[in-house]
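This is my_file22.cif (mmCIF, C-alpha atoms).
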```cif
data_upload
loop_
_atom_site.label_atom_id
_atom_site.label_comp_id
_atom_site.auth_asym_id
_atom_site.auth_seq_id
_atom_site.Cartn_x
_atom_site.Cartn_y
_atom_site.Cartn_z
CA MET A 243 64.08 0.14 27.12
CA THR A 244 67.39 0.29 25.26
CA PRO A 245 70.20 1.17 24.76
CA LYS A 246 70.01 2.21 28.42
CA PRO A 247 67.20 0.11 29.91
CA PRO A 248 65.48 1.43 33.01
CA ASN A 249 66.15 -0.01 36.40
CA PRO A 250 63.66 -2.92 36.71
CA GLU A 251 62.57 -1.49 40.05
CA ASP A 252 61.29 1.59 38.18
CA ILE A 253 58.85 -0.52 36.13
CA PRO A 254 55.50 -1.22 37.87
CA ILE A 255 55.54 -4.71 39.37
CA ILE A 256 52.22 -5.58 37.69
CA CYS A 257 53.85 -5.54 34.23
CA ARG A 258 57.60 -5.64 34.98
CA ASN A 259 58.35 -9.18 33.83
CA GLU A 260 56.14 -8.87 30.76
CA MET A 261 57.74 -5.58 29.67
CA ILE A 262 61.28 -6.89 30.12
CA LEU A 263 60.56 -10.14 28.26
CA SER A 264 58.54 -8.40 25.53
CA SER A 265 61.22 -5.78 24.92
CA LYS A 266 63.85 -8.50 24.45
CA GLU A 267 61.65 -10.36 21.97
CA VAL A 268 60.73 -7.17 20.08
CA MET A 269 64.44 -6.31 19.77
CA LYS A 270 65.12 -9.77 18.27
CA LEU A 271 62.26 -9.28 15.81
CA GLY A 272 63.49 -5.79 14.94
CA ILE A 273 66.99 -7.07 14.18
CA SER A 274 65.52 -9.79 11.94
CA LEU A 275 63.39 -7.21 10.12
CA PHE A 276 66.39 -4.91 9.60
CA GLU A 277 68.33 -7.86 8.16
CA LEU A 278 65.50 -8.68 5.76
CA LEU A 279 65.08 -5.04 4.74
CA SER A 280 68.82 -4.72 4.14
CA GLU A 281 68.80 -7.77 1.89
CA ALA A 282 65.67 -6.55 0.07
CA LEU A 283 67.54 -3.32 -0.69
CA GLY A 284 70.43 -5.31 -2.14
CA LEU A 285 72.69 -4.52 0.81
CA ASP A 286 74.66 -6.70 3.19
CA SER A 287 72.21 -8.22 5.71
CA ASN A 288 73.90 -6.35 8.57
CA HIS A 289 73.85 -2.95 6.85
CA LEU A 290 70.99 -1.33 8.80
CA ALA A 291 72.25 -2.78 12.08
CA ASP A 292 75.77 -1.57 11.29
CA ILE A 293 74.51 2.01 10.91
CA GLN A 294 72.81 1.66 14.32
CA CYS A 295 69.19 1.43 13.20
CA ALA A 296 68.58 -1.27 15.83
CA GLU A 297 70.18 0.53 18.78
CA GLY A 298 67.10 1.75 20.59
CA LEU A 299 63.68 0.65 21.74
CA ALA A 300 60.88 2.82 23.05
CA PHE A 301 58.30 0.60 24.70
CA ILE A 302 54.93 2.34 24.84
CA SER A 303 51.71 0.77 26.07
CA GLN A 304 48.45 2.59 25.48
CA TYR A 305 44.88 1.70 26.20
CA TYR A 306 41.95 3.38 24.51
CA PRO A 307 38.63 2.23 25.99
CA PRO A 308 35.75 1.54 23.59
CA CYS A 309 33.83 4.62 22.53
CA TYR A 310 30.11 4.17 22.10
CA GLU A 311 29.80 7.40 20.09
CA PRO A 312 32.85 7.34 17.80
CA GLU A 313 31.48 10.17 15.68
CA LEU A 314 32.05 12.44 18.72
CA THR A 315 35.73 11.55 19.10
CA ARG A 316 38.73 13.13 17.48
CA GLY A 317 41.36 10.42 18.00
CA THR A 318 44.95 11.52 17.61
CA ALA A 319 46.10 14.12 15.16
CA LYS A 320 47.65 13.11 11.86
CA HIS A 321 51.26 12.25 12.59
CA SER A 322 54.20 10.14 11.57
CA ASP A 323 56.56 8.25 13.84
CA ASN A 324 60.10 9.62 13.94
CA ASP A 325 62.00 6.36 14.30
CA PHE A 326 63.01 3.45 12.09
CA LEU A 327 60.28 0.88 12.73
CA THR A 328 57.05 0.92 14.70
CA MET A 329 55.53 -2.40 15.75
CA LEU A 330 51.92 -2.23 16.84
CA LEU A 331 49.77 -4.94 18.37
CA GLN A 332 46.19 -3.83 17.82
CA ASP A 333 43.29 -4.98 19.93
CA GLN A 334 39.96 -6.10 18.45
CA ILE A 335 38.66 -2.51 18.54
CA GLY A 336 41.02 -1.16 15.88
CA GLY A 337 41.08 2.50 14.93
CA LEU A 338 44.40 2.69 13.07
CA GLN A 339 44.28 4.47 9.72
CA ILE A 340 46.90 5.32 7.12
CA LEU A 341 46.90 8.24 4.71
CA ARG A 342 47.74 7.41 1.13
CA ASP A 343 47.12 9.70 -1.85
CA ASP A 344 45.09 12.11 0.33
CA GLN A 345 42.68 9.40 1.45
CA TRP A 346 42.44 7.73 4.88
CA TYR A 347 42.25 3.92 4.92
CA ASP A 348 41.33 1.76 7.92
CA VAL A 349 43.87 -0.85 8.97
CA PRO A 350 41.63 -3.60 10.35
CA PRO A 351 43.06 -5.60 13.25
CA VAL A 352 44.18 -9.15 12.51
CA PRO A 353 44.16 -11.32 15.67
CA GLY A 354 47.70 -12.27 16.69
CA ALA A 355 49.36 -10.11 14.02
CA LEU A 356 51.72 -7.17 14.43
CA VAL A 357 51.49 -4.07 12.26
CA VAL A 358 55.03 -3.10 11.26
CA ASN A 359 55.43 0.44 9.96
CA ILE A 360 58.57 1.58 8.20
CA ARG A 361 58.98 5.02 9.72
CA ASP A 362 60.50 8.42 9.06
CA LEU A 363 64.18 7.67 9.58
CA LEU A 364 64.05 4.58 7.40
CA GLN A 365 61.53 5.80 4.84
CA ALA A 366 63.77 8.74 4.01
CA SER A 367 66.09 6.28 2.33
CA LEU A 368 63.32 4.10 0.92
CA PHE A 369 61.18 6.98 -0.44
CA LEU A 370 57.94 5.78 1.16
CA SER A 371 55.24 8.13 2.35
CA PHE A 372 52.68 7.22 4.99
CA ASN A 373 50.97 9.27 7.69
CA LEU A 374 48.95 7.79 10.56
CA LYS A 375 46.07 8.70 12.81
CA LEU A 376 43.87 6.88 15.33
CA VAL A 377 40.12 7.29 15.34
CA GLY A 378 37.59 6.38 18.01
CA THR A 379 35.71 3.21 17.11
CA LEU A 380 33.53 0.60 18.80
#
```
What do you get writing this file as structure tokens?
Amino acid sequence: MTPKPPNPEDIPIICRNEMILSSKEVMKLGISLFELLSEALGLDSNHLADIQCAEGLAFISQYYPPCYEPELTRGTAKHSDNDFLTMLLQDQIGGLQILRDDQWYDVPPVPGALVVNIRDLLQASLFLSFNLKLVGTL
């Protein structure tokens, strides 16, 4: 959606207003998170914004229907996100896992909460290591 947002006419009418409003609010939240992370690292609060960490937004909506035989699903492959932050609003079904010390851990959904992942481009400087995958669940 940024730095070059699409023409609103190119967004399906059924979700156009919601996507435009949501992307603006997510950008505000992202800037606040970058300020807090900068301060937590002992840097000026604008440091991460000044080096253009907050310049872009990819807005992706995905829907995974419930699976009544999750043992037969594969989910997504192990991966990491190649950006600075990923914000995820999980539904009640869940399925997000993180890999830590060669073991997969479920990330249970919390109603109304966002999962904020510090991703590849930012973790390189913070020396964090997480991988993600989604699994089919009911």
The PyMOL selection byres ((chain A and resi 262-273) around 12) applied to the shown file, residues as a PDB file with C-alpha atoms, in the coordinates of the input:
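Listed below is the output, expr_9.pdb:
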```pdb
ATOM      1  CA  MET A 243      64.080   0.140  27.120  1.00  0.00           C
ATOM      2  CA  THR A 244      67.390   0.290  25.260  1.00  0.00           C
ATOM      3  CA  PRO A 245      70.200   1.170  24.760  1.00  0.00           C
ATOM      4  CA  PRO A 247      67.200   0.110  29.910  1.00  0.00           C
ATOM      5  CA  PRO A 248      65.480   1.430  33.010  1.00  0.00           C
ATOM      6  CA  ASN A 249      66.150  -0.010  36.400  1.00  0.00           C
ATOM      7  CA  PRO A 250      63.660  -2.920  36.710  1.00  0.00           C
ATOM      8  CA  GLU A 251      62.570  -1.490  40.050  1.00  0.00           C
ATOM      9  CA  ASP A 252      61.290   1.590  38.180  1.00  0.00           C
ATOM     10  CA  ILE A 253      58.850  -0.520  36.130  1.00  0.00           C
ATOM     11  CA  PRO A 254      55.500  -1.220  37.870  1.00  0.00           C
ATOM     12  CA  ILE A 255      55.540  -4.710  39.370  1.00  0.00           C
ATOM     13  CA  ILE A 256      52.220  -5.580  37.690  1.00  0.00           C
ATOM     14  CA  CYS A 257      53.850  -5.540  34.230  1.00  0.00           C
ATOM     15  CA  ARG A 258      57.600  -5.640  34.980  1.00  0.00           C
ATOM     16  CA  ASN A 259      58.350  -9.180  33.830  1.00  0.00           C
ATOM     17  CA  GLU A 260      56.140  -8.870  30.760  1.00  0.00           C
ATOM     18  CA  MET A 261      57.740  -5.580  29.670  1.00  0.00           C
ATOM     19  CA  SER A 274      65.520  -9.790  11.940  1.00  0.00           C
ATOM     20  CA  LEU A 275      63.390  -7.210  10.120  1.00  0.00           C
ATOM     21  CA  PHE A 276      66.390  -4.910   9.600  1.00  0.00           C
ATOM     22  CA  GLU A 277      68.330  -7.860   8.160  1.00  0.00           C
ATOM     23  CA  LEU A 278      65.500  -8.680   5.760  1.00  0.00           C
ATOM     24  CA  LEU A 279      65.080  -5.040   4.740  1.00  0.00           C
ATOM     25  CA  SER A 280      68.820  -4.720   4.140  1.00  0.00           C
ATOM     26  CA  SER A 287      72.210  -8.220   5.710  1.00  0.00           C
ATOM     27  CA  ASN A 288      73.900  -6.350   8.570  1.00  0.00           C
ATOM     28  CA  HIS A 289      73.850  -2.950   6.850  1.00  0.00           C
ATOM     29  CA  LEU A 290      70.990  -1.330   8.800  1.00  0.00           C
ATOM     30  CA  ALA A 291      72.250  -2.780  12.080  1.00  0.00           C
ATOM     31  CA  ASP A 292      75.770  -1.570  11.290  1.00  0.00           C
ATOM     32  CA  GLN A 294      72.810   1.660  14.320  1.00  0.00           C
ATOM     33  CA  CYS A 295      69.190   1.430  13.200  1.00  0.00           C
ATOM     34  CA  ALA A 296      68.580  -1.270  15.830  1.00  0.00           C
ATOM     35  CA  GLU A 297      70.180   0.530  18.780  1.00  0.00           C
ATOM     36  CA  GLY A 298      67.100   1.750  20.590  1.00  0.00           C
ATOM     37  CA  LEU A 299      63.680   0.650  21.740  1.00  0.00           C
ATOM     38  CA  ALA A 300      60.880   2.820  23.050  1.00  0.00           C
ATOM     39  CA  PHE A 301      58.300   0.600  24.700  1.00  0.00           C
ATOM     40  CA  ILE A 302      54.930   2.340  24.840  1.00  0.00           C
ATOM     41  CA  SER A 303      51.710   0.770  26.070  1.00  0.00           C
ATOM     42  CA  PHE A 326      63.010   3.450  12.090  1.00  0.00           C
ATOM     43  CA  LEU A 327      60.280   0.880  12.730  1.00  0.00           C
ATOM     44  CA  THR A 328      57.050   0.920  14.700  1.00  0.00           C
ATOM     45  CA  MET A 329      55.530  -2.400  15.750  1.00  0.00           C
ATOM     46  CA  LEU A 330      51.920  -2.230  16.840  1.00  0.00           C
ATOM     47  CA  LEU A 331      49.770  -4.940  18.370  1.00  0.00           C
ATOM     48  CA  LEU A 356      51.720  -7.170  14.430  1.00  0.00           C
ATOM     49  CA  VAL A 358      55.030  -3.100  11.260  1.00  0.00           C
ATOM     50  CA  ASN A 359      55.430   0.440   9.960  1.00  0.00           C
ATOM     51  CA  ILE A 360      58.570   1.580   8.200  1.00  0.00           C
TER      52      ILE A 360
END
```
Subject >> Explicit residue set for the PyMOL selection byres ((chain A and resi 354) around 12), as a PyMOL selection string >> reply: chain A and resi 330-334+351-353+355-357
**OP:** Identify which of the residues A:Asp348, A:Arg361, A:Ile335, A:Ala282 lies closest to His321 (chain A), counting all atoms listed in the file when measuring atom-to-atom distances.
**Re:** A:Arg361
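Here CA of Gln339 (chain A) stands at a distance of 26.6 Å from CA of Leu283 (chain A).
Interatomic distance, CA of Pro308 (chain A) to CA of Leu338 (chain A): 13.7 Å.
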Subject >> Coordinates-based distance that separates CA of Ile293 (chain A) from CA of Ser322 (chain A) (Å, one decimal) >> reply: 21.9 Å
Original post:
So, counting only C-alpha atoms, which residue among A:Gly337, A:Asp325, A:Ala319, A:Leu285 is closest to Tyr305 (chain A)?
Top reply: A:Gly337
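Nearest residue to Pro307 (chain A), choosing from A:Gly336, A:Asn324, A:Val349, A:Asp344 and counting all atoms listed in the file: A:Gly336.
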Could you rebuild region 308-339 of chain A with N, CA and C atoms and give it back as a PDB file, in the frame of the given file?
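Ended up saving to selection-v7.pdb:
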```
ATOM      1  N   PRO A 308      36.728   1.437  24.668  1.00  0.00           N
ATOM      2  CA  PRO A 308      35.750   1.540  23.590  1.00  0.00           C
ATOM      3  C   PRO A 308      34.955   2.838  23.706  1.00  0.00           C
ATOM      4  N   CYS A 309      34.630   3.393  22.573  1.00  0.00           N
ATOM      5  CA  CYS A 309      33.830   4.620  22.530  1.00  0.00           C
ATOM      6  C   CYS A 309      32.491   4.275  21.879  1.00  0.00           C
ATOM      7  N   TYR A 310      31.428   4.532  22.607  1.00  0.00           N
ATOM      8  CA  TYR A 310      30.110   4.170  22.100  1.00  0.00           C
ATOM      9  C   TYR A 310      29.512   5.227  21.183  1.00  0.00           C
ATOM     10  N   GLU A 311      30.204   6.364  21.027  1.00  0.00           N
ATOM     11  CA  GLU A 311      29.800   7.400  20.090  1.00  0.00           C
ATOM     12  C   GLU A 311      31.042   7.864  19.320  1.00  0.00           C
ATOM     13  N   PRO A 312      31.584   6.999  18.465  1.00  0.00           N
ATOM     14  CA  PRO A 312      32.850   7.340  17.800  1.00  0.00           C
ATOM     15  C   PRO A 312      32.779   8.595  16.946  1.00  0.00           C
ATOM     16  N   GLU A 313      31.602   8.960  16.492  1.00  0.00           N
ATOM     17  CA  GLU A 313      31.480  10.170  15.680  1.00  0.00           C
ATOM     18  C   GLU A 313      31.767  11.430  16.513  1.00  0.00           C
ATOM     19  N   LEU A 314      31.767  11.300  17.841  1.00  0.00           N
ATOM     20  CA  LEU A 314      32.050  12.440  18.720  1.00  0.00           C
ATOM     21  C   LEU A 314      33.512  12.508  19.143  1.00  0.00           C
ATOM     22  N   THR A 315      34.324  11.566  18.698  1.00  0.00           N
ATOM     23  CA  THR A 315      35.730  11.550  19.100  1.00  0.00           C
ATOM     24  C   THR A 315      36.602  12.154  18.019  1.00  0.00           C
ATOM     25  N   ARG A 316      37.790  12.544  18.424  1.00  0.00           N
ATOM     26  CA  ARG A 316      38.730  13.130  17.480  1.00  0.00           C
ATOM     27  C   ARG A 316      39.930  12.216  17.250  1.00  0.00           C
ATOM     28  N   GLY A 317      40.178  11.265  18.140  1.00  0.00           N
ATOM     29  CA  GLY A 317      41.360  10.420  18.000  1.00  0.00           C
ATOM     30  C   GLY A 317      42.622  11.243  18.147  1.00  0.00           C
ATOM     31  N   THR A 318      43.706  10.753  17.594  1.00  0.00           N
ATOM     32  CA  THR A 318      44.950  11.520  17.610  1.00  0.00           C
ATOM     33  C   THR A 318      45.039  12.340  16.333  1.00  0.00           C
ATOM     34  N   ALA A 319      45.876  13.323  16.360  1.00  0.00           N
ATOM     35  CA  ALA A 319      46.100  14.120  15.160  1.00  0.00           C
ATOM     36  C   ALA A 319      46.919  13.323  14.150  1.00  0.00           C
ATOM     37  N   LYS A 320      46.812  13.699  12.907  1.00  0.00           N
ATOM     38  CA  LYS A 320      47.650  13.110  11.860  1.00  0.00           C
ATOM     39  C   LYS A 320      49.103  13.275  12.286  1.00  0.00           C
ATOM     40  N   HIS A 321      49.864  12.199  12.177  1.00  0.00           N
ATOM     41  CA  HIS A 321      51.260  12.250  12.590  1.00  0.00           C
ATOM     42  C   HIS A 321      52.053  11.162  11.881  1.00  0.00           C
ATOM     43  N   SER A 322      53.343  11.235  11.995  1.00  0.00           N
ATOM     44  CA  SER A 322      54.200  10.140  11.570  1.00  0.00           C
ATOM     45  C   SER A 322      55.162   9.859  12.709  1.00  0.00           C
ATOM     46  N   ASP A 323      55.670   8.658  12.757  1.00  0.00           N
ATOM     47  CA  ASP A 323      56.560   8.250  13.840  1.00  0.00           C
ATOM     48  C   ASP A 323      58.001   8.517  13.425  1.00  0.00           C
ATOM     49  N   ASN A 324      58.746   9.189  14.294  1.00  0.00           N
ATOM     50  CA  ASN A 324      60.100   9.620  13.940  1.00  0.00           C
ATOM     51  C   ASN A 324      61.151   8.622  14.419  1.00  0.00           C
ATOM     52  N   ASP A 325      61.013   7.391  13.985  1.00  0.00           N
ATOM     53  CA  ASP A 325      62.000   6.360  14.300  1.00  0.00           C
ATOM     54  C   ASP A 325      62.176   5.486  13.071  1.00  0.00           C
ATOM     55  N   PHE A 326      62.766   4.319  13.225  1.00  0.00           N
ATOM     56  CA  PHE A 326      63.010   3.450  12.090  1.00  0.00           C
ATOM     57  C   PHE A 326      61.847   2.498  11.821  1.00  0.00           C
ATOM     58  N   LEU A 327      61.403   1.807  12.850  1.00  0.00           N
ATOM     59  CA  LEU A 327      60.280   0.880  12.730  1.00  0.00           C
ATOM     60  C   LEU A 327      59.326   1.112  13.885  1.00  0.00           C
ATOM     61  N   THR A 328      58.039   0.953  13.634  1.00  0.00           N
ATOM     62  CA  THR A 328      57.050   0.920  14.700  1.00  0.00           C
ATOM     63  C   THR A 328      56.333  -0.418  14.587  1.00  0.00           C
ATOM     64  N   MET A 329      56.267  -1.146  15.698  1.00  0.00           N
ATOM     65  CA  MET A 329      55.530  -2.400  15.750  1.00  0.00           C
ATOM     66  C   MET A 329      54.332  -2.188  16.657  1.00  0.00           C
ATOM     67  N   LEU A 330      53.160  -2.489  16.134  1.00  0.00           N
ATOM     68  CA  LEU A 330      51.920  -2.230  16.840  1.00  0.00           C
ATOM     69  C   LEU A 330      51.100  -3.506  16.933  1.00  0.00           C
ATOM     70  N   LEU A 331      50.698  -3.840  18.144  1.00  0.00           N
ATOM     71  CA  LEU A 331      49.770  -4.940  18.370  1.00  0.00           C
ATOM     72  C   LEU A 331      48.418  -4.315  18.645  1.00  0.00           C
ATOM     73  N   GLN A 332      47.522  -4.416  17.671  1.00  0.00           N
ATOM     74  CA  GLN A 332      46.190  -3.830  17.820  1.00  0.00           C
ATOM     75  C   GLN A 332      45.290  -4.761  18.621  1.00  0.00           C
ATOM     76  N   ASP A 333      44.316  -4.165  19.314  1.00  0.00           N
ATOM     77  CA  ASP A 333      43.290  -4.980  19.930  1.00  0.00           C
ATOM     78  C   ASP A 333      42.154  -5.189  18.927  1.00  0.00           C
ATOM     79  N   GLN A 334      41.075  -5.819  19.361  1.00  0.00           N
ATOM     80  CA  GLN A 334      39.960  -6.100  18.450  1.00  0.00           C
ATOM     81  C   GLN A 334      39.176  -4.841  18.089  1.00  0.00           C
ATOM     82  N   ILE A 335      39.404  -3.733  18.792  1.00  0.00           N
ATOM     83  CA  ILE A 335      38.660  -2.510  18.540  1.00  0.00           C
ATOM     84  C   ILE A 335      39.153  -1.803  17.280  1.00  0.00           C
ATOM     85  N   GLY A 336      40.464  -1.816  17.066  1.00  0.00           N
ATOM     86  CA  GLY A 336      41.020  -1.160  15.880  1.00  0.00           C
ATOM     87  C   GLY A 336      41.087   0.337  16.031  1.00  0.00           C
ATOM     88  N   GLY A 337      41.029   1.049  14.928  1.00  0.00           N
ATOM     89  CA  GLY A 337      41.080   2.500  14.930  1.00  0.00           C
ATOM     90  C   GLY A 337      42.281   3.056  14.192  1.00  0.00           C
ATOM     91  N   LEU A 338      43.234   2.207  13.802  1.00  0.00           N
ATOM     92  CA  LEU A 338      44.400   2.690  13.070  1.00  0.00           C
ATOM     93  C   LEU A 338      44.009   2.978  11.622  1.00  0.00           C
ATOM     94  N   GLN A 339      44.473   4.114  11.122  1.00  0.00           N
ATOM     95  CA  GLN A 339      44.280   4.470   9.720  1.00  0.00           C
ATOM     96  C   GLN A 339      45.602   4.939   9.141  1.00  0.00           C
TER      97      GLN A 339
END
```
